[in-house]
Amino acid sequence: MKQAGVLALSLIGAAALLTGCTSPDVICNTGKPTIEEAMDHLVDSTLSGDQVEVCRVTTTGGTDTVGEQFESLETQLRGMDVAAGFTVKPVPDSTMGHWSELVLSTPSHPQGETFDVFERGGNYTIGWLEFEQEPLPTPSATQ
């Protein structure tokens, strides 16, 4: 009887895994093989409203953080009219370690917007989230 219970629990766990009942955060920050593919995925996923897929090519944060700021990304990209077409170009001489920059431009915004790009394990993610910066403490005069 005990073995049947263990078998049943194992089968339920396997079924849950196979049907996708896992945390969407496991795919966050996994990236795409090229900078262009990462930005294409970010744009396509944003325009289709797929926050989990946006999380896949987002540099930091999980689905909660992406969800909190998704509307601002969507507004930014729609404001640039990316649906009408866009180009992605790496910023020359911006590479520093695993970090670099790219410019996303559209016919209506030829000057483009700059995004951070991070390479990790051969895949690229895009930095677009805004994080509040805490000011550094100033040295006190008594020290």
# chains A, B, ... in the order shown; residues from 1 in each chain; ligands from 1
>>> residues_around(residues="segment 79-85 of chain A", least_positions_apart="2", cutoff="12 Å", atoms="only C-alpha atoms", output="list in words")
Met39, Asp40, Leu42, Val43, Asp44, Ser45, Thr46, Leu47, Ser48, Glu71, Ser72, Leu73, Glu74, Thr75, Gln76, Leu77, Thr87, Val88, Leu104, Ser105, Thr106, Pro107, Ser108, His109, Pro110, Gln111, Gly112 and Glu113 of chain A
>>> select_by_dssp(residues="segment 1-117 of chain A", states="strand (DSSP E)", output="PyMOL selection string")
chain A and resi 87-90+99-106+109-117
>>> residues_around(residues="segment 22-31 of chain A", least_positions_apart="2", cutoff="12 Å", atoms="only C-alpha atoms", output="PyMOL selection string")
chain A and resi 13-20+33-42+50-67+117-127
>>> select_by_dssp(residues="segment 54-138 of chain A", states="helix (DSSP H, G or I)", output="list of chain:residue names")
A:Val54, A:Cys55, A:Arg56, A:Thr63, A:Asp64, A:Thr65, A:Val66, A:Gly67, A:Glu68, A:Gln69, A:Phe70, A:Glu71, A:Ser72, A:Leu73, A:Glu74, A:Thr75, A:Gln76, A:Leu77, A:Arg78, A:Gly79, A:Val82, A:Ala83, A:Ala84
>>> closest_residue(among="A:Glu68, A:Glu101, A:Glu130, A:Asp116", to="Lys89 of chain A", atoms="only C-alpha atoms")
A:Glu101
>>> atom_distance(atom1="atom CA of Phe70 of chain A", atom2="atom CA of Leu129 of chain A")
8.8 Å
